[in-house]
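A short write-up of the structure that comes next.
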Protein chains: 2
Amino acid sequence: MKNKKSKRPLTVGDYLIGRLKKLGIKHIFGVPGDYVLRFYDMLTRSDIEVVGTTREDCAGFAADAYARMKGLGAVCVTYCVGGLSTTNAIAGAYAEKSPVVVISGAPGMAQRQLNPLLHHRVRDFSTQREVFERITVASTALEDPSRAFEDIDRVLNAAMRYKRPVYIELPQDRVLSVPQQRAVRKPEAGAGDADVLAEALDEAGQMLRSAKRPVILAGVEMHRFGLQDELVKLSEQSGIAVAATLLGKSVISESHRMYVGVYEGAMGRESVRRFVESSDCVLMLGAFMTDINLGINTANLHTGQCISASSEQVRIRHHVYQDVSLGDFVEGLISAKIRGARRKHPTAAWAKLRKYSVRPRARITTDRMYQRLNHLLTKDTVIIADIGDALFGAVDLVVRERTEFISPAYYTSMGFAVPAALGAQLARPDLRPVVIVGDGAFQMTGMELSTIAARKLNPIIIVLNNVGYGTERVIWDGPFNDIYDWQYHRIADVLGAGLGFEVNTEGELEQALNAALENTEQFSLLNVHLSVNDHSQALNRLSKRLASQVRPTSGGKK
Amino acid sequence: MKNKKSKRPLTVGDYLIGRLKKLGIKHIFGVPGDYVLRFYDMLTRSDIEVVGTTREDCAGFAADAYARMKGLGAVCVTYCVGGLSTTNAIAGAYAEKSPVVVISGAPGMAQRQLNPLLHHRVRDFSTQREVFERITVASTALEDPSRAFEDIDRVLNAAMRYKRPVYIELPQDRVLSVPQQRAVRKPEAGAGDADVLAEALDEAGQMLRSAKRPVILAGVEMHRFGLQDELVKLSEQSGIAVAATLLGKSVISESHRMYVGVYEGAMGRESVRRFVESSDCVLMLGAFMTDINLGINTANLHTGQCISASSEQVRIRHHVYQDVSLGDFVEGLISAKIRGARRKHPTAAWAKLRKYSVRPRARITTDRMYQRLNHLLTKDTVIIADIGDALFGAVDLVVRERTEFISPAYYTSMGFAVPAALGAQLARPDLRPVVIVGDGAFQMTGMELSTIAARKLNPIIIVLNNVGYGTERVIWDGPFNDIYDWQYHRIADVLGAGLGFEVNTEGELEQALNAALENTEQFSLLNVHLSVNDHSQALNRLSKRLASQVRPTSGGKK
């Protein structure tokens with residue numbers, strides 16, 4: 001095989017870069033290190049742009065957001081000191097099904113003879129790979145050039161098929177290796193048995209047709225597998241309204257007439273809860289049934305009235321159909337031209353409609369801030385919510401288009417949002433990120449604004465400053481929940497870029513947001529001072545529920 | 001068993017805290033999260049102080065430095081989002097034999113029934129433990145209260161014995177569990193066979209006595225196992241001079257009359273290289289023979305003339321004695337009252353003696369900065385060097401007392417130094433840290449100054465600002481080695497504490513250092529602007545050697 005441009009033989013490095021490009025990768029995030037410099041050099045001369053981050057975990061979060069926006073993301077780091085610094089970010093991508101390719105440099109095979117103590121080595125040369133085997137869906141170490149092309153295909157196919165991270169380890173003396181044999185592409189695994197699909201569709205169709213109060217509950221996999229158009233079509237054609245899980249928020253435009261709102265058990269809006277829980281047939285599509293998605297297990301759904309299709313299986317009432325593809329199942333439902341019973345449903349547009357008039361001298365509160373933000377959003381905004389009230393409060397924001405709400409709502413790793421803004425805006429330069437992040441989370445990764453400044457991106461960062469871990473204060477308070485206060489708005493001085501604002505009142509919020517909207521060539525950061533006891537109502541409800549699990553002796557459910 | 005203070009029965013949490021206290025732990029580093037809040041609450045009411053950090057990896061680095069200073073360190077974090085964020089720091093502690101106890105909260109056993117998708121979960125409930133099994137020397141999940149005390153003893157004993165990290169997972173509903181049975185302490189494994197020890201000592205003694213040019217090469221394990229006094233005694237009594245490995249630097253006071261200097265093959269000082277390599281009997285004590293320790297394999301030592309004792313084995317010439325304790329071997333050599341042949345040796349005090357007179361308007365260089373720093377150090381200083389020229393340049397600093405030089409010189413993870421200063425100064429409040437850190441490394445973890453500010457600690461932070469990854473530029477340059485410039489000295493404004501200085505000239509360096517010395521109640525940060533092509537000589541030599549490995553086709557050794 002030849003490299004088309006240079007006519008030189010296709011190397012392992014060339015092949016990997018070519019495959020990534022073909023899968024839509026235009027940016028790769030990471031920090032260089034000596035074991036990966038040769039491959040970095042090759043990347044620099046390719047069409048894929050290397051985006052250096054301050055830290056490797058930030059590269060992981062950025063690539064995760066990039067994958068959520070574009071279908072695949074990638075990080076490239078050095079051995080152990082680099083790779084092991086991404087494990088939390090990659091574990092989060094695994095948990096939430098975001099396909100990120102981790103490429104790690106490694107000592108050359110020639111260097112490993114006699115088993116020397118090379119720098120960055122932990123225990124064995126296999127240690128890092130063994131760690132990643134636990135948090136990825138497929139992995140390979142490209143030690144044998146003759147298998148390298150096939151291995152690259154295998155792991156990249158797994159990333160696309162399962163929408164989960166994969167791991168590729170590239171010894172530095174294999175980057176330029178040229179396999180002697182041409183890689184053999186194995187055919188992809190079949191999409192399942194037609195008879196199984198037909199029976200599942202038949203049963204689901206009957207349930208939906210005979211239901212009096214059907215509803216669709218859509219989850220994040222509908223986005224991961226690119227089934228948003230099909231979701232809209234199914235809902236419009238069948239007349240069955242759509243609620244979303246928390247992780248799936250914005251999988252359908254929240255101003256769509258068939259959209260009900262986010263369902264999260266007793267934690268969410270009462271009208272949505274009633275509408276979903278009174279249904280006699282809930283069609284769950286691509287939904288992860290996690291504790292936070294379900295309002296910390298306050299959801300009241302009866303398995304005997306549910307059809308649940310995900311990338312893993314189709315479950316109807318109490319039985320399971322294996323090997324049915326989610327896409328085939330949804331397509332099948334559309335082809336079946338089901339008409340569901342008509343139901344009047346709540347709409348999510350309510351929040352948008354709440355009037356907001358500034359009370360200039362009033363102290364700003366979480367609730368008022370979200371009301372104001374709701375008027376800021378347009379179809380050109382992507383909301384990126386970190387954990388805690390950044391997420392729970394943001395649930396009521398009405399997202400104008402689909403999949404413009406990003407949050408690690410299941411794995412809930414603090415520090416996701418700022419680096420995710422970097423990844424999201426490189427993936428979709430047409431969208432402007434509005435980042436909502438708690439002060440504790442900001443302290444973890446907020447300095448990734450450095451790369452945002454370097455690239456002249458223009459997110460609006462809203463730091464919810466209550467000088468501590470607000471969610472935990474509600475669960476179990478102690479001095480450990482207090483953090484050291486930063487003058488977050490002065491980070492602009494450290495970076496020599498961006499605009500910082502200090503916000504105490506509604507008037508200051510108004511001024512800062514207007515100035516931020518005008519400030520289109522660089523980031524804006526709002527340091528929003530909130531009272532220690534000011535939480536969204538959702539957080540209050542959720543945290544009390546969590547507290548009852550932490551303190552089983554205090555009367556809560558164990 | 002009863003808790004002495006409260007007369008209530010001793011819980012798993014109580015027992016763990018009691019054992020940590022007994023082993024000298026007074027501070028525990030971490031970030032709280034809901035699965036670990038109950039244990040945090042218990043810690044808050046104990047004599048162990050919880051030190052909250054901005055990020056979990058910073059907690060890991062701080063605990064590593066704490067362990068290097070005090071013999072044991074500990075971190076306490078929540079499940080997965082917390083634990084997996086420490087993997088790089090803990091892997092570094094494993095590689096460099098620093099005993100850090102990782103305590104991770106976990107979902108309660110009661111919550112795990114029916115295998116639910118609880119937040120922070122990655123794949124299985126065992127995923128995090130499986131990851132840590134690969135980067136610790138012992139691990140346990142305290143799921144069964146009746147085994148908990150025994151398991152805690154087992155893993156803590158392993159940490160003390162092997163000087164490596166261990167992992168303890170504590171489900172949140174086991175913190176208050178009271179075991180029905182009393183924990184049974186197993187006797188510790190024996191310290192080896194007396195006959196093996198005697199034969200090894202006999203052979204080593206003969207070699208040392210008959211050698212004409214003996215030398216001791218001391219490594220970091222002499223510190224880890226608390227054998228510094230024995231090292232001095234052995235050297236003084238035998239008249240055999242001591243060189244140190246890079247990782248072992250300061251294992252003996254560098255102004256001691258028997259100290260030769262740091263030996264790192266062709267990378268180090270020529271006089272030290274000649275003295276060590278011309279020896280006909282090198283007694284290596286507790287030395288890791290890693291690539292960077294050995295000057296990237298430029299060391300020229302002949303196995304047939306070496307005695308090498310480490311915690312793992314004693315090797316004399318080409319054969320091995322198993323199960324000999326390092327301490328017993330060193331004690332045995334002292335008891336044998338060996339007198340070695342006299343040799344005139346170089347001393348390390350040379351650097352101290354180089355006169356430094358300020359040329360106020362001269363642009364500051366790496367070399368001149370280190371010359372100046374050498375005059376700053378006292379016996380009350382601990383030097384903490386990050387990676388790159390922060391380490392290589394610092395080799396020539398003369399450490400006044402023993403073990404007051406800390407650096408991850410084998411694992412070489414960037415970002416170690418600032419959080420390590422936090423751990424080191426809490427471990428030894430009598431010492432003032434001087435932190436030398438590259439700009440790239442500072443961008444990774446430098447904001448841990450937040451916790452340093454919160455606790456009013458007073459390290460002096462010297463940021464080597466060459467706007468990029470300097471070491472990598474020498475190995476293989478490309479645009480990926482450039483980083484975005486920060487106004488590091490303005491971080492004091494963000495933190496509302498500390499003093500920041502911008503340094504371009506020798507005069508400014510002088511002023512800044514003098515002001516920093518006076519500034520004893522808070523941190524000082526010097527943003528030292530260096531030319532892009534200004535490196536220490538050691539880095540130039542080392543990087544070229546690394547480059548020859550990265551680019552085997554360019555004529556270097558493959």
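We name chains A, B, ... following the order of the structure tokens; residues begin at 1 in each chain, and ligands are numbered from 1 as shown.
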Check: which chain A residues lie within 6 Å of chain B using only C-alpha atoms, as a CSV table (one decimal) with C-alpha atoms, in the first residue's frame:
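What landed in iface-v8.csv:
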```
chain,number,residue,atom,x,y,z
A,54,THR,CA,-2.6,22.3,29.5
A,55,ARG,CA,-3.3,18.8,31.0
A,81,VAL,CA,2.4,10.1,32.7
A,84,LEU,CA,-2.8,7.5,33.1
A,85,SER,CA,-3.7,11.2,33.4
A,87,THR,CA,-8.2,7.7,32.9
A,88,ASN,CA,-11.0,9.6,34.7
A,91,ALA,CA,-13.9,6.4,32.1
A,95,ALA,CA,-19.9,5.4,31.1
A,117,LEU,CA,13.7,0.8,33.9
A,118,LEU,CA,12.8,3.3,31.2
A,119,HIS,CA,11.3,6.6,32.4
A,120,HIS,CA,7.5,6.8,32.8
A,122,VAL,CA,5.2,1.9,36.2
A,131,VAL,CA,-5.6,-0.2,32.9
A,290,THR,CA,-29.1,5.6,35.8
A,291,ASP,CA,-29.7,6.8,39.3
A,410,TYR,CA,-24.5,10.1,34.6
A,411,TYR,CA,-20.8,9.8,35.4
A,413,SER,CA,-17.2,14.1,37.0
A,443,GLN,CA,-10.8,25.0,40.2
A,444,MET,CA,-10.2,21.6,38.8
A,486,TRP,CA,-10.6,32.9,43.8
A,487,GLN,CA,-11.0,36.1,42.1
A,490,ARG,CA,-9.1,38.2,37.2
A,494,VAL,CA,-3.2,36.0,34.1
A,495,LEU,CA,-4.1,34.9,30.5
```
Residues near segment 312-322 of chain B, anyone? I mean within 10 Å using only C-alpha atoms, not counting same-chain ones fewer than 6 positions away, as a PyMOL selection string.
chain B and resi 162+192-193+196-197+199-201+203-204+207+281+283-286+302-306+329
Might you pull out every residue within 9 Å of Phe501 of chain B, with only C-alpha atoms counted and same-chain residues fewer than 2 positions away left off, and present them as a list in words?
Tyr488, His489, Arg490, Leu499, Val503, Glu508, Leu509, Ala512, Ser524, Leu525, Leu526, Asn527 and Val528 of chain B
Which residues are close to segment 151-153 of chain B, i.e. within 12 Å by only C-alpha atoms, leaving aside same-chain residues fewer than 6 positions away? Reply as a compact mmCIF listing (two decimals) with C-alpha atoms, in the first residue's frame.
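Okay, this is what ended up in result27.txt:
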```txt
# COMPACT_ATOMS: atom_id res chain seq x y z
CA VAL B 12 -14.12 -0.09 60.46
CA GLY B 13 -13.67 3.66 59.97
CA ASP B 14 -12.30 4.12 63.50
CA TYR B 15 -9.85 1.29 63.06
CA LEU B 16 -8.52 2.64 59.77
CA ILE B 17 -8.04 6.11 61.22
CA GLY B 18 -6.33 4.68 64.31
CA ARG B 19 -3.87 2.66 62.26
CA LEU B 20 -3.03 5.64 60.02
CA LYS B 22 -0.12 5.16 64.55
CA LEU B 23 1.91 5.16 61.35
CA VAL B 101 -2.36 4.96 51.05
CA VAL B 102 -5.26 5.57 48.66
CA ILE B 103 -8.62 5.48 50.43
CA ALA B 138 -1.55 -4.37 47.86
CA SER B 139 -5.26 -3.59 47.76
CA THR B 140 -8.52 -4.41 49.46
CA ALA B 141 -12.21 -3.55 49.27
CA LEU B 142 -13.62 -3.53 52.79
CA GLU B 143 -16.87 -5.22 51.83
CA ASP B 144 -16.85 -7.83 54.59
CA PRO B 145 -16.62 -6.21 58.04
CA ALA B 159 2.96 -0.17 52.21
CA MET B 160 5.52 0.03 55.00
CA ARG B 161 7.43 -3.04 53.90
CA VAL B 166 -1.70 0.60 48.53
CA TYR B 167 -5.42 0.86 47.84
CA ILE B 168 -8.30 0.64 50.32
CA GLU B 169 -11.87 0.85 49.02
CA LEU B 170 -14.45 1.69 51.65
CA ALA B 183 -8.96 -8.84 63.91
CA VAL B 184 -6.19 -11.37 64.00
CA ARG B 185 -2.76 -9.92 63.33
CA LYS B 186 -0.65 -12.27 61.33
CA PRO B 187 3.03 -12.20 62.16
CA GLU B 188 5.05 -10.28 59.60
```
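Closest to Val398 of chain B among B:Asp195, B:Glu150, B:Glu254, B:Asp280 is B:Glu254, based on only C-alpha atoms.
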So that I can check the secondary structure, give me every residue of segment 413-537 of chain B assigned helix (DSSP H, G or I) by backbone DSSP, as JSON, numbers by chain.
{"B": [417, 418, 419, 420, 421, 422, 423, 424, 425, 426, 427, 439, 440, 441, 442, 443, 444, 445, 446, 447, 448, 449, 450, 451, 452, 453, 454, 470, 471, 472, 473, 474, 475, 479, 480, 481, 488, 489, 490, 491, 492, 493, 494, 495, 506, 507, 508, 509, 510, 511, 512, 513, 514, 515, 516, 517, 518, 537]}
